[in-house]
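Colleague: Got a structure for you, questions after.
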Amino acid sequence: MVEPVRVGLMGTGVISDIYLTNAAKYAEIDIVACADLDVDRARQAAAKHGVARAYSPDDLLADPGVELVINLTIPRAHAEVGVATLAAGKHLYSEKPFTIEREDAARLLASAAERDLRVGSAPDTFLGGGLQTCRHLIDAGAIGQPVAATAFMTGHGPEGWHRNPAFFYQYGGGPLLDMGPYYLTALVNLMGPVRRVTGSARASFPERTIGSEPLKGQTIAVEVPTHVAAVLDFASGAIATLVTSFDVWAADLPRIEVYGATGSLSVPDPNQFGGPIRIHTAGAKDWSDAPLTFASAENSRGIGVADMAAAIRAGEPHRASGELAYHVLDIMASILDASESGRHIDIQSTCDRPAPLPEGLPDWAVRA
Ligand SMILES: NC(=O)c1ccc[n+]([C@@H]2O[C@H](COP(=O)([O-])OP(=O)(O)OC[C@H]3O[C@@H](n4cnc5c(N)ncnc54)[C@H](O)[C@@H]3O)[C@@H](O)[C@H]2O)c1
């Protein structure tokens with residue numbers, strides 16, 4: 001039995017609950033402490049999930065018993081918390097977006113390399129049963145060589161459900177940085193790295209009204225584009241169209257479709273872990289359902305940290321890597337730059353497609 005990696009969780013807000021719930025199911029990680037700027041909130045989360053220690057952020061980083069920090073703070077704190085985590089000699093796994101600025105992400109990767117530490121980042125939904133089955137189908141040639149893709153994330157923003165939604169409309173927010181990582185990580189995992197992008201972005205409404213408690217009725221001034229349309233050229237030659245929007249009340253669009261030389265694949269919601277998957281091969285009369293052939297189809301948030309922990313112990317590469325997250329951030333930042341400057345932008349970064357998970361794993365497992 002390999003010793004689990006001892007984890008500290010930084011930021012005990014909305015998303016922390018599912019990490020704390022699922023961490024108990026992965027043998028590779030043991031959450032030994034949690035922390036928040038609001039230490040009472042950290043205490044409550046620790047009490048609910050039986051976590052031994054609840055701290056201020058500084059005390060968490062000073063704990064020699066913590067080997068890896070999961071950074072679940074708000075996007076504009078990701079870089080600062082990440083820098084401090086690595087400086088404290090701990091591995092870092094960050095929620096998305098990895099950071100807001102490319103320079104900060106590059107600094108994190110360099111700092112980790114200097115210290116021989118690992119950096120990983122959400123999203124890890126590409127390790128779920130739905131997207132791993134899609135990867136397997138594409139690699140097995142089920143639709144031939146991908147030539148194009150479409151990806152649509154449309155909605156009217158999170159102010160209807162999140163308890164403190166201002167950050168979604170402030171520096172580092174917006175539909176592209178918030179939801180783009182799911183769509184772009186899925187596309188890069190399926191089709192490889194992107195070589196150039198262009199796009200148009202706008203903020204359609206200057207303010208948003210919160211519809212959820214406890215801040216219901218308050219308004220948020222919009223600082224970031226809330227409708228972003230992009231075109232991506234992959235290194236392989238394939239071309240994808242991506243729309244991310246918080247400005248759309250209703251749409252009847254697929255999430256992701258990949259179009260190959262011999263057929264099309266309907267890819268499930270990349271913000272989820274399961275299906276459905278549909279395939280339509282050339283000459284067929286209609287779409288047919290493709291069964292999931294990989295496990296982890298229910299909400300398995302944390303599978304990326306578990307894989308990183310297993311990789312740390314085994315000395316292997318991990319899948320939800322800093323390099324992948326950096327490439328995805330570079331694509332997003334370049335789309336926004338392209339909109340401002342009115343041209344195509346060549347993507348300076350690249351990454352390898354992460355290795356697929358082994359076939360035949362049960363739920364809550366990352367190694368055979
Ligand atoms: N809410 C979701 O459904 C969801 C889903 C997936 C990913 N995420 C991502 O997870 C992250 C957190 O989102 P959330 O919805 O949980 O936000 P949240 O506002 O509910 O929680 C963030 C927590 O981080 C704490 N915090 C802020 N700065 C800090 C710092 N410097 N040090 C320590 N603690 C700090 C806050 O006090 C708060 O408790 C974001 O990056 C978001 O994009 C959220």
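We name chains A, B, ... following the order of the structure tokens; residues begin at 1 in each chain, and ligands are numbered from 1 as shown.
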Kindly provide, as a PyMOL selection string, all nucleotide and amino acid residues lying within 9 Å of ligand 1, counting only C-alpha atoms and all ligand atoms.
Modeller: chain A and resi 10-17+35-39+41-42+56-58+71-78+80-81+94-99+122-123+158+162-168+173+177-179+271+301
Colleague: Restricting the output to C-alpha atoms, write the selected residues as a PDB file, in the first residue's frame.
Modeller:
ATOM      1  CA  MET A  10      -6.988  26.311   0.740  1.00  0.00           C
ATOM      2  CA  GLY A  11     -10.352  28.071   0.331  1.00  0.00           C
ATOM      3  CA  THR A  12     -13.424  26.395   1.823  1.00  0.00           C
ATOM      4  CA  GLY A  13     -16.123  28.034  -0.344  1.00  0.00           C
ATOM      5  CA  VAL A  14     -18.818  26.531  -2.584  1.00  0.00           C
ATOM      6  CA  ILE A  15     -16.667  24.045  -4.493  1.00  0.00           C
ATOM      7  CA  SER A  16     -14.724  22.751  -1.471  1.00  0.00           C
ATOM      8  CA  ASP A  17     -17.554  20.463  -0.360  1.00  0.00           C
ATOM      9  CA  ALA A  35      -7.785  26.900   5.602  1.00  0.00           C
ATOM     10  CA  ASP A  36      -9.610  30.038   4.524  1.00  0.00           C
ATOM     11  CA  LEU A  37      -9.236  33.795   4.989  1.00  0.00           C
ATOM     12  CA  ASP A  38     -12.448  33.262   6.972  1.00  0.00           C
ATOM     13  CA  VAL A  39     -11.095  30.755   9.498  1.00  0.00           C
ATOM     14  CA  ARG A  41     -15.590  28.836   7.398  1.00  0.00           C
ATOM     15  CA  ALA A  42     -12.543  26.544   7.368  1.00  0.00           C
ATOM     16  CA  SER A  56      -5.515  30.602   8.613  1.00  0.00           C
ATOM     17  CA  PRO A  57      -3.828  30.498   5.143  1.00  0.00           C
ATOM     18  CA  ASP A  58      -0.355  31.211   6.603  1.00  0.00           C
ATOM     19  CA  ASN A  71      -6.037  25.920  -4.184  1.00  0.00           C
ATOM     20  CA  LEU A  72      -9.807  26.530  -4.186  1.00  0.00           C
ATOM     21  CA  THR A  73      -9.628  30.293  -3.715  1.00  0.00           C
ATOM     22  CA  ILE A  74     -11.193  32.786  -6.131  1.00  0.00           C
ATOM     23  CA  PRO A  75      -9.423  33.249  -9.492  1.00  0.00           C
ATOM     24  CA  ARG A  76      -7.654  36.515  -8.664  1.00  0.00           C
ATOM     25  CA  ALA A  77      -6.046  34.865  -5.607  1.00  0.00           C
ATOM     26  CA  HIS A  78      -4.814  31.799  -7.537  1.00  0.00           C
ATOM     27  CA  GLU A  80      -0.542  34.628  -5.055  1.00  0.00           C
ATOM     28  CA  VAL A  81      -1.641  31.480  -3.215  1.00  0.00           C
ATOM     29  CA  SER A  94      -5.196  24.758  -8.511  1.00  0.00           C
ATOM     30  CA  GLU A  95      -8.834  25.161  -9.440  1.00  0.00           C
ATOM     31  CA  LYS A  96      -9.446  26.799 -12.797  1.00  0.00           C
ATOM     32  CA  PRO A  97      -8.561  29.188 -14.230  1.00  0.00           C
ATOM     33  CA  PHE A  98      -4.967  28.238 -13.392  1.00  0.00           C
ATOM     34  CA  THR A  99      -4.134  31.975 -13.115  1.00  0.00           C
ATOM     35  CA  ALA A 122      -8.466  21.694 -12.801  1.00  0.00           C
ATOM     36  CA  PRO A 123     -10.468  20.929 -14.765  1.00  0.00           C
ATOM     37  CA  PRO A 158     -24.021  32.288 -12.358  1.00  0.00           C
ATOM     38  CA  HIS A 162     -23.934  31.372  -6.661  1.00  0.00           C
ATOM     39  CA  ARG A 163     -24.008  32.856  -3.149  1.00  0.00           C
ATOM     40  CA  ASN A 164     -21.297  35.454  -3.932  1.00  0.00           C
ATOM     41  CA  PRO A 165     -21.149  35.806  -7.742  1.00  0.00           C
ATOM     42  CA  ALA A 166     -19.313  39.153  -8.127  1.00  0.00           C
ATOM     43  CA  PHE A 167     -15.995  37.479  -9.053  1.00  0.00           C
ATOM     44  CA  PHE A 168     -17.535  36.020 -12.211  1.00  0.00           C
ATOM     45  CA  GLY A 173     -13.947  36.225 -14.524  1.00  0.00           C
ATOM     46  CA  LEU A 177     -11.915  32.210 -18.156  1.00  0.00           C
ATOM     47  CA  ASP A 178     -14.600  30.617 -15.993  1.00  0.00           C
ATOM     48  CA  MET A 179     -16.013  27.951 -18.329  1.00  0.00           C
ATOM     49  CA  ASN A 271     -18.259  20.300 -17.043  1.00  0.00           C
ATOM     50  CA  ARG A 301     -14.004  16.173  -8.934  1.00  0.00           C
TER      51      ARG A 301
END
Colleague: Just list the residues in segment 8-210 of chain A DSSP gives strand (DSSP E or B) on the backbone, as number ranges by chain.
Modeller: A: 8-10, 29-35, 53-55, 68-71, 91-94, 119-121, 146-154, 194-202, 207-209
Colleague: Mind writing the picked residues with C-alpha atoms as a compact mmCIF listing (two decimals), in the first residue's frame?
Modeller:
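Saved as part.txt:
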# COMPACT_ATOMS: atom_id res chain seq x y z
CA GLY A 8 -4.13 20.84 2.66
CA LEU A 9 -7.16 22.51 1.12
CA MET A 10 -6.99 26.31 0.74
CA ILE A 29 -4.89 11.49 -1.00
CA ASP A 30 -5.58 12.31 2.63
CA ILE A 31 -6.89 15.83 3.39
CA VAL A 32 -5.25 16.58 6.73
CA ALA A 33 -5.98 20.33 6.97
CA CYS A 34 -8.02 23.13 5.46
CA ALA A 35 -7.79 26.90 5.60
CA ARG A 53 -6.84 20.79 11.37
CA ALA A 54 -8.47 24.14 10.38
CA TYR A 55 -6.18 27.10 9.86
CA LEU A 68 0.31 19.29 -1.45
CA VAL A 69 -2.09 22.25 -1.43
CA ILE A 70 -5.36 22.26 -3.37
CA ASN A 71 -6.04 25.92 -4.18
CA HIS A 91 3.08 20.71 -4.48
CA LEU A 92 0.24 22.80 -5.95
CA TYR A 93 -3.07 21.76 -7.53
CA SER A 94 -5.20 24.76 -8.51
CA VAL A 119 1.91 21.79 -10.40
CA GLY A 120 -1.49 20.58 -11.49
CA SER A 121 -4.78 22.27 -12.30
CA PRO A 146 -10.66 15.03 -36.70
CA VAL A 147 -10.95 17.91 -39.16
CA ALA A 148 -13.13 20.34 -37.18
CA ALA A 149 -15.09 20.85 -33.96
CA THR A 150 -17.70 23.14 -32.44
CA ALA A 151 -18.01 24.00 -28.74
CA PHE A 152 -20.77 26.08 -27.16
CA MET A 153 -21.15 27.19 -23.56
CA THR A 154 -24.17 29.50 -23.43
CA VAL A 194 -3.73 24.77 -30.66
CA ARG A 195 -1.41 26.83 -32.88
CA ARG A 196 -3.34 30.07 -33.50
CA VAL A 197 -6.63 31.75 -32.59
CA THR A 198 -8.79 34.71 -33.36
CA GLY A 199 -11.96 35.98 -31.75
CA SER A 200 -14.41 38.72 -30.84
CA ALA A 201 -15.53 39.58 -27.32
CA ARG A 202 -17.95 42.05 -25.77
CA GLU A 207 -24.35 45.41 -14.88
CA ARG A 208 -25.92 42.21 -13.55
CA THR A 209 -28.48 41.76 -10.79
Colleague: Atom CA of Glu223 of chain A to atom CA of Gln170 of chain A: how many Å, to one decimal?
Modeller: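 These atoms are spaced 5.1 Å apart.
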Colleague: Separation of atom CA of Gln44 of chain A and atom CA of Ile210 of chain A, in Å?
Modeller: 25.5 Å
Colleague: What lies within 7 Å of Ser111 of chain A using only C-alpha atoms, ignoring chain neighbours under 4 positions off, as a list in words?
Modeller: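 Counting only the stated atoms, we get Leu86, Arg107 and Arg115 of chain A.
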Colleague: Using C-alpha atoms, can you write the selected residues to a file as a PDB file, in the first residue's frame?
Modeller:
ATOM      1  CA  LEU A  86       5.508  26.511  -3.867  1.00  0.00           C
ATOM      2  CA  ARG A 107       6.199  31.912 -12.997  1.00  0.00           C
ATOM      3  CA  ARG A 115      12.105  23.312  -6.494  1.00  0.00           C
TER       4      ARG A 115
END
Colleague: Taking the DSSP secondary structure from the backbone, can you list the residues of segment 121-344 of chain A that are alpha helix (DSSP H), as a PyMOL selection string?
Modeller: chain A and resi 129-139+174-191+303-314+322-341
Colleague: Between atom CA of Glu159 of chain A and atom CA of Ile100 of chain A, what is the distance, to one decimal in Å?
Modeller: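 Pair atom CA of Glu159 of chain A / atom CA of Ile100 of chain A returns 20.6 Å.
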Colleague: Of the candidates A:Gly129, A:Arg102, A:Gln145, A:Ala310, which shows the shortest atom-to-atom distance to Ile347 of chain A, using only C-alpha atoms?
Modeller: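 With only C-alpha atoms as the atom set, the closest residue is A:Arg102.
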Colleague: Using only C-alpha atoms, which residue out of A:Val258, A:Leu329, A:Ile303, A:Val2 lies closest to Gly144 of chain A?
Modeller: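 Ranked by minimum distance to Gly144 of chain A, first place goes to A:Val258.
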Colleague: Taking 4 positions as the minimum chain separation for residues in the same chain, which residues sit within 12 Å of Pro362 of chain A when counting only C-alpha atoms? Answer as a PyMOL selection string.
Modeller: chain A and resi 25-26+128-129+293-298+357-358+366-368
Colleague: Restrict the selected residues to C-alpha atoms and save them as a PDB file, in the first residue's frame.
Modeller:
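result_3.pdb written:
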ATOM      1  CA  LYS A  25     -12.952   7.961  -1.732  1.00  0.00           C
ATOM      2  CA  TYR A  26      -9.472   8.260  -3.287  1.00  0.00           C
ATOM      3  CA  GLY A 128     -14.256  11.244 -16.399  1.00  0.00           C
ATOM      4  CA  GLY A 129     -15.916   8.284 -18.103  1.00  0.00           C
ATOM      5  CA  THR A 293     -16.346   2.236 -21.680  1.00  0.00           C
ATOM      6  CA  PHE A 294     -14.592   4.035 -18.794  1.00  0.00           C
ATOM      7  CA  ALA A 295     -15.653   4.483 -15.152  1.00  0.00           C
ATOM      8  CA  SER A 296     -15.725   7.733 -13.117  1.00  0.00           C
ATOM      9  CA  ALA A 297     -18.925   8.915 -14.806  1.00  0.00           C
ATOM     10  CA  GLU A 298     -20.411  10.466 -11.675  1.00  0.00           C
ATOM     11  CA  LEU A 357      -6.349   6.520 -18.261  1.00  0.00           C
ATOM     12  CA  PRO A 358      -5.859   2.739 -18.333  1.00  0.00           C
ATOM     13  CA  VAL A 366      -6.653   6.136 -11.017  1.00  0.00           C
ATOM     14  CA  ARG A 367      -4.172   3.253 -11.249  1.00  0.00           C
ATOM     15  CA  ALA A 368      -4.622  -0.397 -12.199  1.00  0.00           C
TER      16      ALA A 368
END
Colleague: Excluding same-chain residues fewer than 2 positions from Ile279 of chain A, what lies within 12 Å of it counting only C-alpha atoms, as a short mmCIF file (atom, residue, chain, number, x, y, z; two decimals) with C-alpha atoms, in the first residue's frame?
Modeller:
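Printed below is around-v5.cif as written:
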data_model
loop_
_atom_site.label_atom_id
_atom_site.label_comp_id
_atom_site.auth_asym_id
_atom_site.auth_seq_id
_atom_site.Cartn_x
_atom_site.Cartn_y
_atom_site.Cartn_z
CA THR A 133 -14.55 7.22 -23.79
CA CYS A 134 -14.56 9.99 -26.43
CA LEU A 137 -13.15 6.46 -29.74
CA ILE A 138 -11.12 9.16 -31.51
CA ALA A 142 -14.11 5.70 -34.87
CA ILE A 143 -14.65 9.00 -36.77
CA GLY A 144 -11.33 9.12 -38.65
CA GLU A 257 -19.08 18.06 -31.52
CA VAL A 258 -15.96 16.70 -33.21
CA TYR A 259 -16.14 16.18 -36.97
CA GLY A 260 -13.82 13.53 -38.37
CA THR A 262 -15.38 9.39 -41.56
CA GLY A 263 -17.96 10.53 -39.01
CA SER A 264 -19.04 12.87 -36.22
CA LEU A 265 -18.88 12.52 -32.45
CA SER A 266 -21.27 14.27 -30.06
CA VAL A 267 -19.23 14.87 -26.92
CA PRO A 268 -20.97 15.24 -23.53
CA PRO A 276 -24.26 10.82 -23.21
CA ILE A 277 -22.05 10.18 -26.23
CA THR A 281 -20.57 7.62 -39.14
CA ALA A 282 -20.53 8.41 -42.84
CA GLY A 283 -23.33 6.54 -44.58
CA ALA A 284 -25.33 5.81 -41.40
CA LYS A 285 -28.95 7.00 -41.36
CA ASP A 286 -28.87 8.52 -37.89
CA TRP A 287 -26.87 9.09 -34.72
CA SER A 288 -26.40 6.12 -32.41
CA ASP A 289 -25.62 6.08 -28.69
CA ALA A 290 -22.08 5.01 -27.76
CA PRO A 291 -21.81 3.28 -24.37
#
